[in-house]
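Have a look at work29.pdb below; it lists PDB, C-alpha atoms, pLDDT in the B column.
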```pdb
MODEL        1
ATOM      1  CA  MET A   1      90.136 172.920 121.012  1.00 60.00           C
ATOM      2  CA  GLY A   2      88.773 169.440 121.570  1.00 74.00           C
ATOM      3  CA  LYS A   3      90.296 167.281 124.262  1.00 92.00           C
ATOM      4  CA  ASP A   4      91.883 163.959 123.344  1.00 97.00           C
ATOM      5  CA  VAL A   5      93.472 160.908 124.902  1.00 98.00           C
ATOM      6  CA  ILE A   6      96.915 160.007 123.525  1.00 98.00           C
ATOM      7  CA  VAL A   7      97.937 156.382 123.958  1.00 98.00           C
ATOM      8  CA  ALA A   8     101.627 155.884 124.709  1.00 97.00           C
ATOM      9  CA  CYS A   9     102.804 152.976 122.565  1.00 97.00           C
ATOM     10  CA  ASP A  10     105.920 152.298 124.599  1.00 94.00           C
ATOM     11  CA  PHE A  11     106.670 148.947 123.007  1.00 95.00           C
ATOM     12  CA  PRO A  12     110.095 147.576 122.013  1.00 95.00           C
ATOM     13  CA  SER A  13     109.094 146.440 118.517  1.00 97.00           C
ATOM     14  CA  ALA A  14     106.777 147.083 115.591  1.00 97.00           C
ATOM     15  CA  ALA A  15     105.247 143.626 115.998  1.00 97.00           C
ATOM     16  CA  GLU A  16     104.105 144.315 119.561  1.00 97.00           C
ATOM     17  CA  THR A  17     102.873 147.762 118.578  1.00 98.00           C
ATOM     18  CA  PHE A  18     100.718 146.452 115.754  1.00 97.00           C
ATOM     19  CA  ASP A  19      99.440 143.564 117.912  1.00 97.00           C
ATOM     20  CA  PHE A  20      98.203 146.263 120.267  1.00 97.00           C
ATOM     21  CA  LEU A  21      96.775 148.613 117.635  1.00 98.00           C
ATOM     22  CA  ASP A  22      95.021 145.744 115.837  1.00 97.00           C
ATOM     23  CA  LYS A  23      92.780 145.378 118.906  1.00 97.00           C
ATOM     24  CA  PHE A  24      91.167 148.717 118.018  1.00 97.00           C
ATOM     25  CA  THR A  25      88.629 147.960 115.321  1.00 95.00           C
ATOM     26  CA  ASP A  26      86.238 150.869 115.903  1.00 95.00           C
ATOM     27  CA  GLU A  27      88.619 153.633 117.025  1.00 95.00           C
ATOM     28  CA  LYS A  28      91.838 155.155 115.751  1.00 97.00           C
ATOM     29  CA  PRO A  29      93.496 156.417 118.932  1.00 98.00           C
ATOM     30  CA  PHE A  30      95.940 159.318 118.883  1.00 98.00           C
ATOM     31  CA  VAL A  31      99.272 157.504 119.372  1.00 98.00           C
ATOM     32  CA  LYS A  32     102.486 158.570 121.084  1.00 98.00           C
ATOM     33  CA  ILE A  33     105.709 157.122 119.694  1.00 98.00           C
ATOM     34  CA  GLY A  34     108.537 157.545 122.156  1.00 97.00           C
ATOM     35  CA  MET A  35     112.250 156.884 122.194  1.00 96.00           C
ATOM     36  CA  GLU A  36     112.075 153.134 122.767  1.00 95.00           C
ATOM     37  CA  LEU A  37     109.930 152.361 119.741  1.00 97.00           C
ATOM     38  CA  PHE A  38     111.455 154.997 117.455  1.00 98.00           C
ATOM     39  CA  TYR A  39     115.019 153.916 118.210  1.00 96.00           C
ATOM     40  CA  ALA A  40     114.065 150.262 117.682  1.00 96.00           C
ATOM     41  CA  GLU A  41     112.205 150.682 114.404  1.00 97.00           C
ATOM     42  CA  GLY A  42     113.158 154.065 112.976  1.00 97.00           C
ATOM     43  CA  PRO A  43     111.048 156.387 110.811  1.00 97.00           C
ATOM     44  CA  SER A  44     109.261 153.472 109.138  1.00 97.00           C
ATOM     45  CA  ILE A  45     107.155 152.867 112.255  1.00 98.00           C
ATOM     46  CA  VAL A  46     105.897 156.454 112.082  1.00 98.00           C
ATOM     47  CA  ARG A  47     104.971 156.115 108.422  1.00 98.00           C
ATOM     48  CA  GLU A  48     103.169 152.804 108.953  1.00 98.00           C
ATOM     49  CA  ILE A  49     101.108 153.997 111.930  1.00 98.00           C
ATOM     50  CA  LYS A  50     100.250 157.192 110.052  1.00 97.00           C
ATOM     51  CA  LYS A  51      99.179 155.111 107.055  1.00 97.00           C
ATOM     52  CA  ARG A  52      96.758 153.283 109.328  1.00 97.00           C
ATOM     53  CA  GLY A  53      94.992 156.552 110.047  1.00 97.00           C
ATOM     54  CA  HIS A  54      96.292 157.473 113.482  1.00 98.00           C
ATOM     55  CA  LYS A  55      97.396 160.907 114.612  1.00 98.00           C
ATOM     56  CA  ILE A  56     100.935 160.763 115.985  1.00 98.00           C
ATOM     57  CA  PHE A  57     102.736 162.539 118.804  1.00 98.00           C
ATOM     58  CA  LEU A  58     106.441 161.899 118.208  1.00 98.00           C
ATOM     59  CA  ASP A  59     107.913 162.176 121.683  1.00 98.00           C
ATOM     60  CA  LEU A  60     111.703 162.428 121.295  1.00 98.00           C
ATOM     61  CA  LYS A  61     112.288 165.439 123.577  1.00 97.00           C
ATOM     62  CA  LEU A  62     115.018 167.116 121.523  1.00 98.00           C
ATOM     63  CA  HIS A  63     117.667 168.952 123.525  1.00 98.00           C
ATOM     64  CA  ASP A  64     120.857 169.993 121.729  1.00 98.00           C
ATOM     65  CA  ILE A  65     122.563 173.030 120.273  1.00 98.00           C
ATOM     66  CA  PRO A  66     120.081 175.232 118.359  1.00 98.00           C
ATOM     67  CA  ASN A  67     121.235 174.446 114.827  1.00 98.00           C
ATOM     68  CA  THR A  68     121.162 170.678 115.403  1.00 98.00           C
ATOM     69  CA  VAL A  69     117.634 170.930 116.787  1.00 98.00           C
ATOM     70  CA  LYS A  70     116.525 173.053 113.825  1.00 98.00           C
ATOM     71  CA  LYS A  71     117.804 170.507 111.300  1.00 98.00           C
ATOM     72  CA  SER A  72     116.356 167.603 113.278  1.00 98.00           C
ATOM     73  CA  MET A  73     112.937 169.227 113.498  1.00 98.00           C
ATOM     74  CA  ALA A  74     112.907 169.636 109.719  1.00 97.00           C
ATOM     75  CA  VAL A  75     113.462 165.896 109.347  1.00 97.00           C
ATOM     76  CA  LEU A  76     110.826 164.925 111.916  1.00 97.00           C
ATOM     77  CA  SER A  77     108.246 167.314 110.466  1.00 96.00           C
ATOM     78  CA  LYS A  78     108.540 165.608 107.079  1.00 96.00           C
ATOM     79  CA  LEU A  79     107.330 162.375 108.688  1.00 97.00           C
ATOM     80  CA  ASP A  80     103.895 164.052 108.799  1.00 96.00           C
ATOM     81  CA  VAL A  81     103.584 163.777 112.572  1.00 98.00           C
ATOM     82  CA  ASP A  82     100.859 165.798 114.253  1.00 98.00           C
ATOM     83  CA  MET A  83     102.786 166.781 117.368  1.00 98.00           C
ATOM     84  CA  THR A  84     106.406 166.729 118.517  1.00 98.00           C
ATOM     85  CA  ASN A  85     108.433 168.145 121.370  1.00 98.00           C
ATOM     86  CA  LEU A  86     111.672 169.393 122.864  1.00 98.00           C
ATOM     87  CA  HIS A  87     113.040 170.231 126.302  1.00 97.00           C
ATOM     88  CA  ALA A  88     112.312 173.801 127.400  1.00 97.00           C
ATOM     89  CA  ALA A  89     115.567 173.591 129.369  1.00 95.00           C
ATOM     90  CA  GLY A  90     117.348 173.866 126.009  1.00 96.00           C
ATOM     91  CA  THR A  91     116.824 177.660 126.225  1.00 96.00           C
ATOM     92  CA  VAL A  92     114.821 180.219 124.280  1.00 98.00           C
ATOM     93  CA  GLU A  93     117.275 180.262 121.377  1.00 98.00           C
ATOM     94  CA  MET A  94     116.997 176.505 120.886  1.00 98.00           C
ATOM     95  CA  MET A  95     113.204 176.733 120.846  1.00 98.00           C
ATOM     96  CA  LYS A  96     113.341 179.553 118.269  1.00 98.00           C
ATOM     97  CA  TYR A  97     115.544 177.468 116.003  1.00 98.00           C
ATOM     98  CA  ALA A  98     113.246 174.469 116.421  1.00 98.00           C
ATOM     99  CA  LEU A  99     110.294 176.513 115.173  1.00 98.00           C
ATOM    100  CA  GLU A 100     112.320 177.702 112.193  1.00 98.00           C
ATOM    101  CA  GLY A 101     113.010 174.131 111.151  1.00 98.00           C
ATOM    102  CA  LEU A 102     109.470 172.857 111.614  1.00 97.00           C
ATOM    103  CA  PRO A 103     107.398 174.163 108.622  1.00 97.00           C
ATOM    104  CA  ARG A 104     106.841 171.773 105.718  1.00 96.00           C
ATOM    105  CA  PRO A 105     107.012 172.898 102.076  1.00 94.00           C
ATOM    106  CA  ASP A 106     103.217 173.378 102.055  1.00 95.00           C
ATOM    107  CA  GLY A 107     103.398 175.687 105.080  1.00 94.00           C
ATOM    108  CA  THR A 108     101.886 173.274 107.591  1.00 97.00           C
ATOM    109  CA  ARG A 109     103.739 172.097 110.673  1.00 97.00           C
ATOM    110  CA  PRO A 110     103.201 169.811 113.656  1.00 98.00           C
ATOM    111  CA  ILE A 111     102.087 171.143 117.017  1.00 98.00           C
ATOM    112  CA  LEU A 112     105.296 171.907 118.927  1.00 98.00           C
ATOM    113  CA  ILE A 113     105.342 171.606 122.693  1.00 98.00           C
ATOM    114  CA  ALA A 114     108.072 171.962 125.292  1.00 98.00           C
ATOM    115  CA  VAL A 115     108.756 169.640 128.213  1.00 96.00           C
ATOM    116  CA  THR A 116     108.847 171.657 131.428  1.00 91.00           C
ATOM    117  CA  GLN A 117     109.778 169.100 134.087  1.00 84.00           C
ATOM    118  CA  LEU A 118     109.425 165.345 133.677  1.00 81.00           C
ATOM    119  CA  THR A 119     106.683 163.749 135.767  1.00 70.00           C
ATOM    120  CA  SER A 120     109.338 161.558 137.422  1.00 78.00           C
ATOM    121  CA  THR A 121     111.067 164.685 138.781  1.00 82.00           C
ATOM    122  CA  SER A 122     110.320 165.877 142.284  1.00 85.00           C
ATOM    123  CA  GLU A 123     111.261 169.252 143.744  1.00 89.00           C
ATOM    124  CA  GLU A 124     113.736 167.541 146.064  1.00 92.00           C
ATOM    125  CA  ARG A 125     115.513 165.835 143.145  1.00 91.00           C
ATOM    126  CA  MET A 126     115.504 169.020 141.103  1.00 88.00           C
ATOM    127  CA  GLN A 127     117.117 171.011 143.888  1.00 91.00           C
ATOM    128  CA  ASN A 128     119.513 168.398 145.301  1.00 92.00           C
ATOM    129  CA  GLU A 129     120.652 166.759 142.066  1.00 93.00           C
ATOM    130  CA  LEU A 130     120.267 169.523 139.456  1.00 90.00           C
ATOM    131  CA  LEU A 131     121.041 172.463 141.777  1.00 89.00           C
ATOM    132  CA  ILE A 132     117.976 174.376 140.618  1.00 91.00           C
ATOM    133  CA  ASN A 133     117.032 176.392 143.669  1.00 90.00           C
ATOM    134  CA  ALA A 134     113.699 177.777 142.476  1.00 91.00           C
ATOM    135  CA  SER A 135     110.565 175.819 143.332  1.00 91.00           C
ATOM    136  CA  ILE A 136     109.399 173.245 140.815  1.00 88.00           C
ATOM    137  CA  ASN A 137     106.224 175.279 140.201  1.00 91.00           C
ATOM    138  CA  ASP A 138     108.212 178.445 139.510  1.00 93.00           C
ATOM    139  CA  THR A 139     110.457 176.623 137.024  1.00 93.00           C
ATOM    140  CA  ILE A 140     107.476 175.088 135.230  1.00 93.00           C
ATOM    141  CA  VAL A 141     105.750 178.457 134.877  1.00 96.00           C
ATOM    142  CA  LYS A 142     108.953 180.158 133.704  1.00 96.00           C
ATOM    143  CA  TYR A 143     109.716 177.405 131.162  1.00 96.00           C
ATOM    144  CA  ALA A 144     106.128 177.611 129.891  1.00 97.00           C
ATOM    145  CA  GLN A 145     106.325 181.397 129.598  1.00 98.00           C
ATOM    146  CA  ASN A 146     109.585 181.075 127.647  1.00 98.00           C
ATOM    147  CA  ALA A 147     107.932 178.609 125.266  1.00 98.00           C
ATOM    148  CA  LYS A 148     104.934 180.876 124.737  1.00 98.00           C
ATOM    149  CA  THR A 149     107.114 183.938 124.164  1.00 98.00           C
ATOM    150  CA  VAL A 150     108.981 182.109 121.400  1.00 97.00           C
ATOM    151  CA  GLY A 151     105.763 180.959 119.724  1.00 98.00           C
ATOM    152  CA  LEU A 152     105.475 177.316 120.736  1.00 98.00           C
ATOM    153  CA  ASP A 153     101.961 175.893 120.969  1.00 98.00           C
ATOM    154  CA  GLY A 154     102.138 174.572 124.502  1.00 98.00           C
ATOM    155  CA  VAL A 155     103.965 172.436 127.004  1.00 97.00           C
ATOM    156  CA  VAL A 156     104.141 168.991 128.468  1.00 93.00           C
ATOM    157  CA  CYS A 157     103.506 169.202 132.195  1.00 89.00           C
ATOM    158  CA  SER A 158     101.965 167.053 134.876  1.00 82.00           C
ATOM    159  CA  PRO A 159      98.184 167.390 135.246  1.00 80.00           C
ATOM    160  CA  LEU A 160      98.807 168.981 138.618  1.00 81.00           C
ATOM    161  CA  GLU A 161     100.427 171.974 136.880  1.00 87.00           C
ATOM    162  CA  ALA A 162      98.079 172.343 133.890  1.00 90.00           C
ATOM    163  CA  GLY A 163      95.836 174.880 135.601  1.00 92.00           C
ATOM    164  CA  MET A 164      98.825 176.905 136.744  1.00 94.00           C
ATOM    165  CA  VAL A 165     100.220 176.972 133.186  1.00 96.00           C
ATOM    166  CA  LYS A 166      96.859 178.104 131.800  1.00 96.00           C
ATOM    167  CA  GLU A 167      96.640 180.887 134.381  1.00 96.00           C
ATOM    168  CA  ASN A 168     100.059 182.220 133.394  1.00 97.00           C
ATOM    169  CA  CYS A 169     100.065 181.542 129.643  1.00 97.00           C
ATOM    170  CA  GLY A 170      96.410 181.748 128.631  1.00 96.00           C
ATOM    171  CA  ALA A 171      93.592 179.307 127.938  1.00 94.00           C
ATOM    172  CA  ASP A 172      94.728 178.703 124.336  1.00 95.00           C
ATOM    173  CA  PHE A 173      98.202 177.550 125.385  1.00 97.00           C
ATOM    174  CA  ILE A 174      98.112 173.758 125.044  1.00 97.00           C
ATOM    175  CA  THR A 175      98.813 171.488 128.002  1.00 97.00           C
ATOM    176  CA  VAL A 176      99.744 167.891 127.254  1.00 95.00           C
ATOM    177  CA  THR A 177      99.786 165.903 130.462  1.00 91.00           C
ATOM    178  CA  PRO A 178     101.278 162.500 131.165  1.00 88.00           C
ATOM    179  CA  GLY A 179     101.178 161.078 134.679  1.00 81.00           C
ATOM    180  CA  VAL A 180      97.518 160.047 134.375  1.00 87.00           C
ATOM    181  CA  ARG A 181      96.295 156.977 136.229  1.00 86.00           C
ATOM    182  CA  PHE A 182      92.871 155.625 137.065  1.00 86.00           C
ATOM    183  CA  ALA A 183      91.877 156.146 140.685  1.00 78.00           C
ATOM    184  CA  ASP A 184      92.140 152.390 141.298  1.00 75.00           C
ATOM    185  CA  GLY A 185      95.451 151.968 139.414  1.00 60.00           C
ATOM    186  CA  ASP A 186      99.183 151.777 140.153  1.00 60.00           C
ATOM    187  CA  ILE A 187     101.167 155.039 139.816  1.00 49.00           C
ATOM    188  CA  GLY A 188     104.330 153.234 138.607  1.00 53.00           C
ATOM    189  CA  ASP A 189     107.502 155.379 138.553  1.00 49.00           C
ATOM    190  CA  GLN A 190     105.801 158.747 138.213  1.00 49.00           C
ATOM    191  CA  VAL A 191     105.442 160.942 141.259  1.00 50.00           C
ATOM    192  CA  ARG A 192     103.118 163.719 140.053  1.00 54.00           C
ATOM    193  CA  VAL A 193      99.959 161.960 138.870  1.00 68.00           C
ATOM    194  CA  THR A 194      96.195 162.367 138.751  1.00 83.00           C
ATOM    195  CA  THR A 195      93.101 160.750 137.210  1.00 90.00           C
ATOM    196  CA  PRO A 196      91.549 161.418 133.773  1.00 93.00           C
ATOM    197  CA  ALA A 197      88.510 163.055 135.366  1.00 91.00           C
ATOM    198  CA  LYS A 198      90.646 165.331 137.509  1.00 90.00           C
ATOM    199  CA  ALA A 199      92.854 166.220 134.524  1.00 91.00           C
ATOM    200  CA  LYS A 200      89.716 167.301 132.654  1.00 91.00           C
ATOM    201  CA  GLU A 201      88.637 169.416 135.609  1.00 90.00           C
ATOM    202  CA  ILE A 202      92.059 171.054 135.900  1.00 88.00           C
ATOM    203  CA  GLY A 203      92.138 172.001 132.228  1.00 88.00           C
ATOM    204  CA  SER A 204      94.442 169.551 130.420  1.00 93.00           C
ATOM    205  CA  ASP A 205      93.985 169.582 126.627  1.00 96.00           C
ATOM    206  CA  TYR A 206      95.545 166.177 125.996  1.00 97.00           C
ATOM    207  CA  ILE A 207      96.343 163.374 128.407  1.00 96.00           C
ATOM    208  CA  VAL A 208      98.991 160.782 127.625  1.00 95.00           C
ATOM    209  CA  VAL A 209      98.172 157.343 129.005  1.00 95.00           C
ATOM    210  CA  GLY A 210     100.435 154.318 128.686  1.00 94.00           C
ATOM    211  CA  ARG A 211     100.455 151.355 131.036  1.00 92.00           C
ATOM    212  CA  PRO A 212      96.942 151.929 132.456  1.00 93.00           C
ATOM    213  CA  ILE A 213      95.770 151.104 128.918  1.00 96.00           C
ATOM    214  CA  THR A 214      98.538 149.093 127.254  1.00 95.00           C
ATOM    215  CA  ALA A 215      99.262 146.719 130.166  1.00 93.00           C
ATOM    216  CA  LEU A 216      95.678 145.568 130.631  1.00 92.00           C
ATOM    217  CA  ASP A 217      93.998 142.449 129.275  1.00 93.00           C
ATOM    218  CA  ASP A 218      91.284 144.682 127.807  1.00 96.00           C
ATOM    219  CA  PRO A 219      93.132 147.756 126.515  1.00 97.00           C
ATOM    220  CA  VAL A 220      90.228 148.851 124.321  1.00 97.00           C
ATOM    221  CA  GLY A 221      87.930 148.906 127.343  1.00 97.00           C
ATOM    222  CA  ALA A 222      90.514 150.866 129.327  1.00 96.00           C
ATOM    223  CA  TYR A 223      90.920 153.343 126.463  1.00 97.00           C
ATOM    224  CA  ARG A 224      87.171 153.850 126.276  1.00 97.00           C
ATOM    225  CA  ARG A 225      86.984 154.353 130.030  1.00 95.00           C
ATOM    226  CA  CYS A 226      89.723 156.954 129.739  1.00 95.00           C
ATOM    227  CA  VAL A 227      87.944 158.782 126.908  1.00 96.00           C
ATOM    228  CA  GLU A 228      84.682 158.718 128.859  1.00 96.00           C
ATOM    229  CA  GLU A 229      86.312 160.181 131.970  1.00 94.00           C
ATOM    230  CA  PHE A 230      88.415 162.799 130.171  1.00 95.00           C
ATOM    231  CA  VAL A 231      86.432 163.784 127.076  1.00 92.00           C
ATOM    232  CA  GLY A 232      82.953 162.811 128.266  1.00 82.00           C
TER     233      GLY A 232
ENDMDL
END
```

Show the structure stored in the file as structure tokens.
Amino acid sequence: MGKDVIVACDFPSAAETFDFLDKFTDEKPFVKIGMELFYAEGPSIVREIKKRGHKIFLDLKLHDIPNTVKKSMAVLSKLDVDMTNLHAAGTVEMMKYALEGLPRPDGTRPILIAVTQLTSTSEERMQNELLINASINDTIVKYAQNAKTVGLDGVVCSPLEAGMVKENCGADFITVTPGVRFADGDIGDQVRVTTPAKAKEIGSDYIVVGRPITALDDPVGAYRRCVEEFVG
């Protein structure tokens, strides 16, 4: 599997999103559409970005009763997205139902990955606020193993856990890793972060990069730097 950089288009409107994407004249970056943009613009933003030739990771992190997730996945899959996700905390049954809803009429389906723990979550918060007494590493491995057992393609995890997931779930199990910052950048509100080069070394398959690209005066240059460091 080839590595790729996914650009998080966490913008509040279609206009700002297209102003950003219009800067890319030579590349068609893999794009992540998250809650903010999807809730602001709806399915039309997915269709328009897809029409422009971009691959899309639709990052809505579904977490609900199994049947609701199954029906929702069927709807999202029809938008022709390339990747989508859910929360592994929704249990094995929910993940099974999600997979059942995912195939399109032609038999294809998006890559389906599970969120283990958000990169803004620390072990202290997990234990004190969520009353999960296992270590954060143990929960991530267990959630990843649950996802693999069900038949999901991989997980979202921080780059710091990608190697651990690979060791426990196999080299072919996809790791999609946010929490990537350049060595000379600001870490923002994420607490488990690393650099593109280190993520490559650890074994991430995809890195998701937002503000270190989108907030800069030269986002195309930052994207290319990221690709150079991660893909080579």

Nearest to Ala8 (chain A) by atom-to-atom distance, counting all atoms listed in the file, from A:Ile33, A:Val46, A:Val176, A:Val150: A:Ile33

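These residues, each with an atom at most 7 Å from (120.3, 172.9, 125.2) using all atoms listed in the file, are His63, Asp64, Ile65, Ala89, Gly90, Thr91 and Met94 of chain A.
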
Do you know which residues are at most 10 Å from Leu160 (chain A) counting all atoms listed in the file, after dropping those on the same chain fewer than 4 positions away, and could you put them as a PyMOL selection string? chain A and resi 119+137+164-165+177+179-180+192-194+198-199+202-204

Go through the shown structure with the PyMOL selection byres ((chain A and resi 230) around 7) and write out the matching residues as JSON, numbers by chain. {"A": [196, 197, 200, 226, 227, 228, 229, 231, 232]}

Now that the selection is made, can you save its residues with C-alpha atoms as an mmCIF file, in the frame of the given file?
```cif
data_model
loop_
_atom_site.group_PDB
_atom_site.id
_atom_site.type_symbol
_atom_site.label_atom_id
_atom_site.label_comp_id
_atom_site.auth_asym_id
_atom_site.auth_seq_id
_atom_site.Cartn_x
_atom_site.Cartn_y
_atom_site.Cartn_z
ATOM 1 C CA PRO A 196 91.549 161.418 133.773
ATOM 2 C CA ALA A 197 88.510 163.055 135.366
ATOM 3 C CA LYS A 200 89.716 167.301 132.654
ATOM 4 C CA CYS A 226 89.723 156.954 129.739
ATOM 5 C CA VAL A 227 87.944 158.782 126.908
ATOM 6 C CA GLU A 228 84.682 158.718 128.859
ATOM 7 C CA GLU A 229 86.312 160.181 131.970
ATOM 8 C CA VAL A 231 86.432 163.784 127.076
ATOM 9 C CA GLY A 232 82.953 162.811 128.266
#
```

Which residues match the PyMOL selection byres ((chain A and resi 156) around 9) in the file above, as an MDAnalysis selection string? chainID A and resid 85 113:118 144 154:155 157:158 162 174:178

When the PyMOL selection byres ((chain A and resi 61) around 7) is applied to the structure above, which residues does it catch, written out as number ranges by chain? A: 59-60, 62-63, 85-87

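Picture a line from CA of Ala15 (chain A) to CA of Asp80 (chain A); it runs 21.7 Å.
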
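Closest approach to Thr149 (chain A) from the set A:Asn168, A:Thr25, A:Thr68, A:Ser44 is made by A:Asn168, with distances taken over only C-alpha atoms.
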
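Taking CA of Leu76 (chain A) and CA of Phe173 (chain A) as the two end points, the separation is 22.4 Å.
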
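With all atoms listed in the file as the basis for measurement, A:Pro29 is the residue among A:Leu21, A:Lys78, A:Lys96, A:Pro29 that approaches Val208 (chain A) most closely.
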
Can you measure CA of Glu123 (chain A) to CA of Ile140 (chain A) for me? One decimal in Å is fine. 11.0 Å

Spatial neighbours of Lys71 (chain A), 8 Å, all atoms listed in the file, chain gap at least 3 places, as a list in words: Asn67, Thr68, Ala74, Val75, Ala98 and Gly101 of chain A

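Residue nearest Cys169 (chain A), chosen from A:Pro43, A:Gly151, A:Pro212, A:Gly221 and counting only C-alpha atoms: A:Gly151.
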